[in-house]
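As structure tokens, the structure follows; a few thoughts come after it.
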Amino acid sequence: MSTRQASDEHDPLIESRDQLAKPMAKGEKPRERWRIGTEHEKIVYSTRDYHAPSYDEPGGIRDLLLALTEFGWTPIEEGGTVIAMAGPDGTVSLEPAGQLELSGAPLENLHQTCAETGRHLQQVKTIGDRFGLGYLGLGMWPDKRRDELPIMPKGRYAIMLRHMPRVGTMGLDMMLRTCTIQTNLDYSSEADMVQKFRVSLALQPLATALFANSPFTEGKPNGFLSYRSHIWSDTDPARTGMLPFVFEQGFGYERYVDYMLDVPMYFVFRDGKYIDAAGQSFRDFMAGKLPALPGELPRESDWIDHLSTAFPEVRLKSFLEMRGADGGPWNRICALPALWVGLLYDQGALDAAWDLVKDWDMAGREALRASVPKLGLDARLPASNGKGGGTLRDIAAEVLAIARSGLRARAKLNEVGDDETGYLGPLDDIIASGKVPAELLLERYHGEWQGDLAKLYEAKSF
């Protein structure tokens with residue numbers, strides 16, 4: 001989630017609806033300026049007893065953040081409390097229960113992306129060795145109850161933690177127990193954004209299946225392959241889901257503005273503090289009638305904040321965010337951007353991917369999204385032109401072939417002459433084996449681990 005550092009009292013006021021599409025339109029870039037942003041979260045645990053470290057215990061989360069100064073990172077504070085670190089590789093920040101996130105810098109190619117990931121992991125592992133901290137690459141905590149997890153001292157999280165139980169049964173699980181990998185990508189025009197949004201939204205369930213990595217809850221199998229993905233099904237229906245309007249004729253920036261105006265607010269940031277506006281309307285804010293700030297009009301920074309509080313499978317801000325994947329190990333952190341860059345950053349690949357999904361019916365897209373957390377690659381595809389479409393397993397290799405062709409066409413070479421296609425290797429392995437990561441974890445749980453999830457820490461730590 002975004003990390004605010006200061007109030008933007010000098011930002012222009014929003015005085016008309018016309019201003020609301022501006023952040024999205026300002027995101028348009030020519031192809032040569034397209035970049036790749038990768039975000040990845042990790043579960044932090046004590047190597048002594050596997051507990052989740054609190055913010056202020058010795059060798060805990062605060063000490064972990066501050067130790068990053070050794071590698072050139074600079075503290076970001078909220079109310080005098082360090083809540084993130086800024087550096088040349090982006091921002092290191094905290095999710096609500098102390099999950100550690102790198103929001104990487106915008107980079108030109110996947111070689112840089114994977115190098116950035118490697119630097120970050122080496123830095124936090126060096127610190128972890130000193131403090132007795134380890135890091136799990138999973139989609140959610142495998143063995144902790146919510147009441148066993150700490151809460152990080154960030155104002156927006158306090159507001160969200162209060163609000164979540166009002167609108168869904170699993171919002172607290174989403175905040176406290178899950179980890180993800182995300183990829184952020186650019187577009188050149190509104191039409192380009194629309195095509196990329198539609199392709200990535202339709203194929204997001206495939207990413208969920210390929211990266212499914214959260215089959216355990218509170219120490220036992222939970223019946224899902226991606227329980228993290230299932231959690232989103234009852235987090236907050238007003239701000240999640242498959243966004244059917246994206247596939248409707250006429251979709252563009254203005255229609256996304258309509259959607260975001262219908263998404264209830266969480267907060268307003270003023271004088272370095274978060275003001276609780278949970279459930280209130282941005283439309284009322286624009287009319288000077290926000291109960292949390294009566295008489296005030298929003299500023300452009302308030303709208304940008306609000307854009308970050310919707311959580312659909314693909315999110316639009318000044319770029320597109322792919323949000324369907326569970327957290328995982330280093331090679332899958334590199335593989336997720338490889339998949340989406342290959343599909344979306346070459347026009348031939350993008351057109352081929354759209355041809356694959358353009359005839360899917362909306363009811364089928366919704367059913368696919370609902371079933372993939374449990375069924376993975378066996379989830380059934382939407383109907384095309386009234387006909388059944390098989391399963392995700394039937395198209396997975398074809399989608400990877402399209403992505404590979406897109407990466408090959410980009411011809412971004414590293415110092416030894418390799419292109420970016422090698423980063424798809426972990427996904428090739430999954431398709432060749434026919435088993436997603438969660439299925440392999442379950443095999444080991446029922447087999448060599450004999451139900452002992454302590455073995456998971458040994459096997460799946462960075």
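Identifiers in this document derive from the order of the structure tokens: chains are assigned A, B, ..., residues are numbered from 1 separately in each chain, and ligands are numbered from 1 in order of occurrence.
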When you look at Leu320 (chain A) with a cut-off of 12 Å (counting only C-alpha atoms), what residues show up, excluding the ones that are within fewer than 5 positions of it in the same chain? I need them as number ranges by chain.
A: 24, 27-28, 34-38, 182-188, 190, 192-201, 307-308, 312-315, 340-341, 344
Which residues are near Arg156 (chain A)? Cut-off 12 Å, only C-alpha atoms, ignore same chain within fewer than 6 positions. Put them as number ranges by chain.
A: 1-4, 78, 83, 94-96, 162-163, 175, 265-270, 272-278, 305-306, 308-309
If you keep N, CA and C atoms, can you produce a file of those selected residues as a PDB file, in the first residue's frame?
```
ATOM      1  N   MET A   1       0.836  -1.178   0.000  1.00  0.00           N
ATOM      2  CA  MET A   1       0.000   0.000   0.000  1.00  0.00           C
ATOM      3  C   MET A   1       0.880   1.240   0.000  1.00  0.00           C
ATOM      4  N   SER A   2       0.354   2.356  -0.510  1.00  0.00           N
ATOM      5  CA  SER A   2       1.152   3.563  -0.658  1.00  0.00           C
ATOM      6  C   SER A   2       1.511   4.139   0.705  1.00  0.00           C
ATOM      7  N   THR A   3       2.630   4.862   0.750  1.00  0.00           N
ATOM      8  CA  THR A   3       3.122   5.448   1.990  1.00  0.00           C
ATOM      9  C   THR A   3       3.168   6.953   1.828  1.00  0.00           C
ATOM     10  N   ARG A   4       2.304   7.660   2.549  1.00  0.00           N
ATOM     11  CA  ARG A   4       2.272   9.114   2.494  1.00  0.00           C
ATOM     12  C   ARG A   4       3.288   9.690   3.459  1.00  0.00           C
ATOM     13  N   GLU A  78       5.923   8.586  10.127  1.00  0.00           N
ATOM     14  CA  GLU A  78       4.546   9.049  10.272  1.00  0.00           C
ATOM     15  C   GLU A  78       4.340   9.339  11.748  1.00  0.00           C
ATOM     16  N   ILE A  83       7.977   4.130   9.491  1.00  0.00           N
ATOM     17  CA  ILE A  83       7.035   3.163   8.930  1.00  0.00           C
ATOM     18  C   ILE A  83       7.486   2.618   7.579  1.00  0.00           C
ATOM     19  N   LEU A  94       5.711  -1.579   5.272  1.00  0.00           N
ATOM     20  CA  LEU A  94       5.123  -2.588   6.135  1.00  0.00           C
ATOM     21  C   LEU A  94       3.656  -2.788   5.798  1.00  0.00           C
ATOM     22  N   GLU A  95       3.256  -4.038   5.678  1.00  0.00           N
ATOM     23  CA  GLU A  95       1.845  -4.377   5.646  1.00  0.00           C
ATOM     24  C   GLU A  95       1.340  -4.455   7.094  1.00  0.00           C
ATOM     25  N   PRO A  96       0.048  -4.599   7.308  1.00  0.00           N
ATOM     26  CA  PRO A  96      -0.516  -4.379   8.646  1.00  0.00           C
ATOM     27  C   PRO A  96       0.048  -5.233   9.773  1.00  0.00           C
ATOM     28  N   ARG A 162     -10.610  -1.196  11.725  1.00  0.00           N
ATOM     29  CA  ARG A 162     -11.927  -0.950  12.312  1.00  0.00           C
ATOM     30  C   ARG A 162     -13.042  -1.173  11.307  1.00  0.00           C
ATOM     31  N   HIS A 163     -12.781  -0.791  10.051  1.00  0.00           N
ATOM     32  CA  HIS A 163     -13.836  -0.792   9.035  1.00  0.00           C
ATOM     33  C   HIS A 163     -14.086  -2.169   8.429  1.00  0.00           C
ATOM     34  N   MET A 175      -5.689  -8.304   5.511  1.00  0.00           N
ATOM     35  CA  MET A 175      -4.711  -7.349   6.000  1.00  0.00           C
ATOM     36  C   MET A 175      -3.581  -8.017   6.783  1.00  0.00           C
ATOM     37  N   MET A 265     -14.988   5.767   0.770  1.00  0.00           N
ATOM     38  CA  MET A 265     -13.678   6.228   1.216  1.00  0.00           C
ATOM     39  C   MET A 265     -13.206   5.447   2.438  1.00  0.00           C
ATOM     40  N   TYR A 266     -11.916   5.558   2.721  1.00  0.00           N
ATOM     41  CA  TYR A 266     -11.324   5.081   3.968  1.00  0.00           C
ATOM     42  C   TYR A 266     -10.910   6.258   4.866  1.00  0.00           C
ATOM     43  N   PHE A 267     -10.214   7.243   4.273  1.00  0.00           N
ATOM     44  CA  PHE A 267      -9.564   8.258   5.096  1.00  0.00           C
ATOM     45  C   PHE A 267      -9.288   9.510   4.281  1.00  0.00           C
ATOM     46  N   VAL A 268      -8.884  10.568   4.997  1.00  0.00           N
ATOM     47  CA  VAL A 268      -8.288  11.769   4.409  1.00  0.00           C
ATOM     48  C   VAL A 268      -7.015  12.050   5.194  1.00  0.00           C
ATOM     49  N   PHE A 269      -5.960  12.429   4.494  1.00  0.00           N
ATOM     50  CA  PHE A 269      -4.666  12.684   5.125  1.00  0.00           C
ATOM     51  C   PHE A 269      -4.488  14.193   5.289  1.00  0.00           C
ATOM     52  N   ARG A 270      -4.371  14.654   6.530  1.00  0.00           N
ATOM     53  CA  ARG A 270      -4.199  16.077   6.817  1.00  0.00           C
ATOM     54  C   ARG A 270      -3.218  16.250   7.972  1.00  0.00           C
ATOM     55  N   GLY A 272      -0.246  15.478   8.517  1.00  0.00           N
ATOM     56  CA  GLY A 272       0.535  14.313   8.897  1.00  0.00           C
ATOM     57  C   GLY A 272      -0.250  13.212   9.566  1.00  0.00           C
ATOM     58  N   LYS A 273      -1.587  13.302   9.574  1.00  0.00           N
ATOM     59  CA  LYS A 273      -2.410  12.301  10.233  1.00  0.00           C
ATOM     60  C   LYS A 273      -3.528  11.823   9.301  1.00  0.00           C
ATOM     61  N   TYR A 274      -3.963  10.588   9.547  1.00  0.00           N
ATOM     62  CA  TYR A 274      -5.083  10.026   8.803  1.00  0.00           C
ATOM     63  C   TYR A 274      -6.379  10.274   9.567  1.00  0.00           C
ATOM     64  N   ILE A 275      -7.339  10.898   8.896  1.00  0.00           N
ATOM     65  CA  ILE A 275      -8.653  11.178   9.468  1.00  0.00           C
ATOM     66  C   ILE A 275      -9.618  10.118   8.970  1.00  0.00           C
ATOM     67  N   ASP A 276     -10.337   9.506   9.876  1.00  0.00           N
ATOM     68  CA  ASP A 276     -11.252   8.413   9.550  1.00  0.00           C
ATOM     69  C   ASP A 276     -12.451   8.938   8.766  1.00  0.00           C
ATOM     70  N   ALA A 277     -12.556   8.485   7.516  1.00  0.00           N
ATOM     71  CA  ALA A 277     -13.716   8.802   6.678  1.00  0.00           C
ATOM     72  C   ALA A 277     -14.322   7.519   6.119  1.00  0.00           C
ATOM     73  N   ALA A 278     -14.119   6.416   6.838  1.00  0.00           N
ATOM     74  CA  ALA A 278     -14.520   5.108   6.322  1.00  0.00           C
ATOM     75  C   ALA A 278     -16.015   5.063   6.035  1.00  0.00           C
ATOM     76  N   ASP A 305      -4.908   9.319  -3.359  1.00  0.00           N
ATOM     77  CA  ASP A 305      -5.036   8.403  -2.226  1.00  0.00           C
ATOM     78  C   ASP A 305      -6.227   7.476  -2.410  1.00  0.00           C
ATOM     79  N   HIS A 306      -7.355   8.041  -2.812  1.00  0.00           N
ATOM     80  CA  HIS A 306      -8.578   7.253  -2.947  1.00  0.00           C
ATOM     81  C   HIS A 306      -8.418   6.173  -4.015  1.00  0.00           C
ATOM     82  N   SER A 308      -5.989   4.437  -4.513  1.00  0.00           N
ATOM     83  CA  SER A 308      -5.215   3.324  -3.945  1.00  0.00           C
ATOM     84  C   SER A 308      -6.032   2.480  -2.979  1.00  0.00           C
ATOM     85  N   THR A 309      -7.307   2.829  -2.760  1.00  0.00           N
ATOM     86  CA  THR A 309      -8.105   2.102  -1.773  1.00  0.00           C
ATOM     87  C   THR A 309      -9.120   1.158  -2.398  1.00  0.00           C
TER      88      THR A 309
END
```
- Query: Do you know which residues are at most 12 Å from Glu148 (chain A) counting only C-alpha atoms, after dropping those on the same chain fewer than 6 positions away, and could you put them as a PyMOL selection string?
  - Reply: chain A and resi 45+50-54+97+141+176-177+218
In region 110-331 of chain A, DSSP strand (DSSP E) residues written as JSON, numbers by chain | {"A": [133, 134, 135, 136, 180, 181, 182, 183, 184, 185, 216, 217, 220, 221, 240, 241, 267, 268, 269, 270, 273, 274, 275, 276, 311, 312, 314, 315, 316, 320, 321, 322, 323, 324, 325, 326]}
- Message: Please list as an NGL selection string every residue within 12 Å of Thr180 (chain A), counting only C-alpha atoms and excluding residues in the same chain fewer than 5 positions away.
- Response: :A and (1 or 38-43 or 95 or 99-103 or 136-141 or 174-175 or 207-208 or 211-214 or 226-229 or 322-329 or 332-333 or 336)
Practice prompt. Would you mind telling me which residue in A:Val399, A:His230, A:Gly417, A:Leu339 lies nearest to Lys374 (chain A) when using only C-alpha atoms?
Written response: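 Closest to Lys374 (chain A), using only C-alpha atoms: A:His230.
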Contact residues around region 288-299 of chain A with only C-alpha atoms at 8 Å, ignoring same-chain residues under 2 positions, as a list in words
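In the requested format, the answer is Asp8, Glu9, Asp11, Pro12, Leu13, Ile14, Glu15, Ile275, Asp276, Ala277, Gln280, Ser281, Phe282, Asp284, Phe285, Met286, Ser301, Asp302 and Trp303 of chain A.
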Atom pair CA of Thr47 (chain A) + CA of Ala454 (chain A), distance 10.8 Å
Using only C-alpha atoms, the best pick from A:Gly425, A:Pro165, A:Pro437, A:Gly223 as closest to Ala401 (chain A) would be A:Gly425
Practice problem: Find the residues around region 143-147 of chain A up to 8 Å (only C-alpha atoms counted), leave out those fewer than 5 positions away in its own chain, and share them as a list in words. | Solution: Leu172, Asp173, Leu176, Arg177, Phe216, Thr217, Glu218, Gly219, Lys220 and Leu453 of chain A
Using only C-alpha atoms, can you tell me which of A:Pro237, A:Glu248, A:Ala202, A:Lys460 comes closest to Leu381 (chain A)?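 Smallest separation from Leu381 (chain A) among the options: A:Ala202.
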### Task
Apply DSSP to the backbone of this structure and, from region 55-110 of chain A, keep only the residues in helix (DSSP H, G or I); write these as JSON, numbers by chain.
{"A": [61, 62, 63, 64, 65, 66, 67, 68, 69, 70, 71, 110]}
Could you write out that same residue set with C-alpha atoms as a PDB file, in the first residue's frame?
```pdb
ATOM      1  CA  ILE A  61      10.289  -4.856  12.690  1.00  0.00           C
ATOM      2  CA  ARG A  62      11.453  -1.341  13.592  1.00  0.00           C
ATOM      3  CA  ASP A  63      15.023  -2.561  14.059  1.00  0.00           C
ATOM      4  CA  LEU A  64      14.813  -4.396  10.737  1.00  0.00           C
ATOM      5  CA  LEU A  65      13.747  -1.215   8.949  1.00  0.00           C
ATOM      6  CA  LEU A  66      16.369   0.976  10.581  1.00  0.00           C
ATOM      7  CA  ALA A  67      19.146  -1.507   9.848  1.00  0.00           C
ATOM      8  CA  LEU A  68      18.516  -0.883   6.150  1.00  0.00           C
ATOM      9  CA  THR A  69      20.290   2.475   6.585  1.00  0.00           C
ATOM     10  CA  GLU A  70      23.490   0.428   6.292  1.00  0.00           C
ATOM     11  CA  PHE A  71      22.588  -0.124   2.644  1.00  0.00           C
ATOM     12  CA  LEU A 110      13.381  -7.793 -16.384  1.00  0.00           C
TER      13      LEU A 110
END
```
Using only C-alpha atoms: which of A:Ala349, A:Leu225, A:Ala191, A:Ala459 has the shortest distance to Ala379 (chain A):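 When distances to Ala379 (chain A) are compared using only C-alpha atoms, the smallest one comes from A:Leu225.
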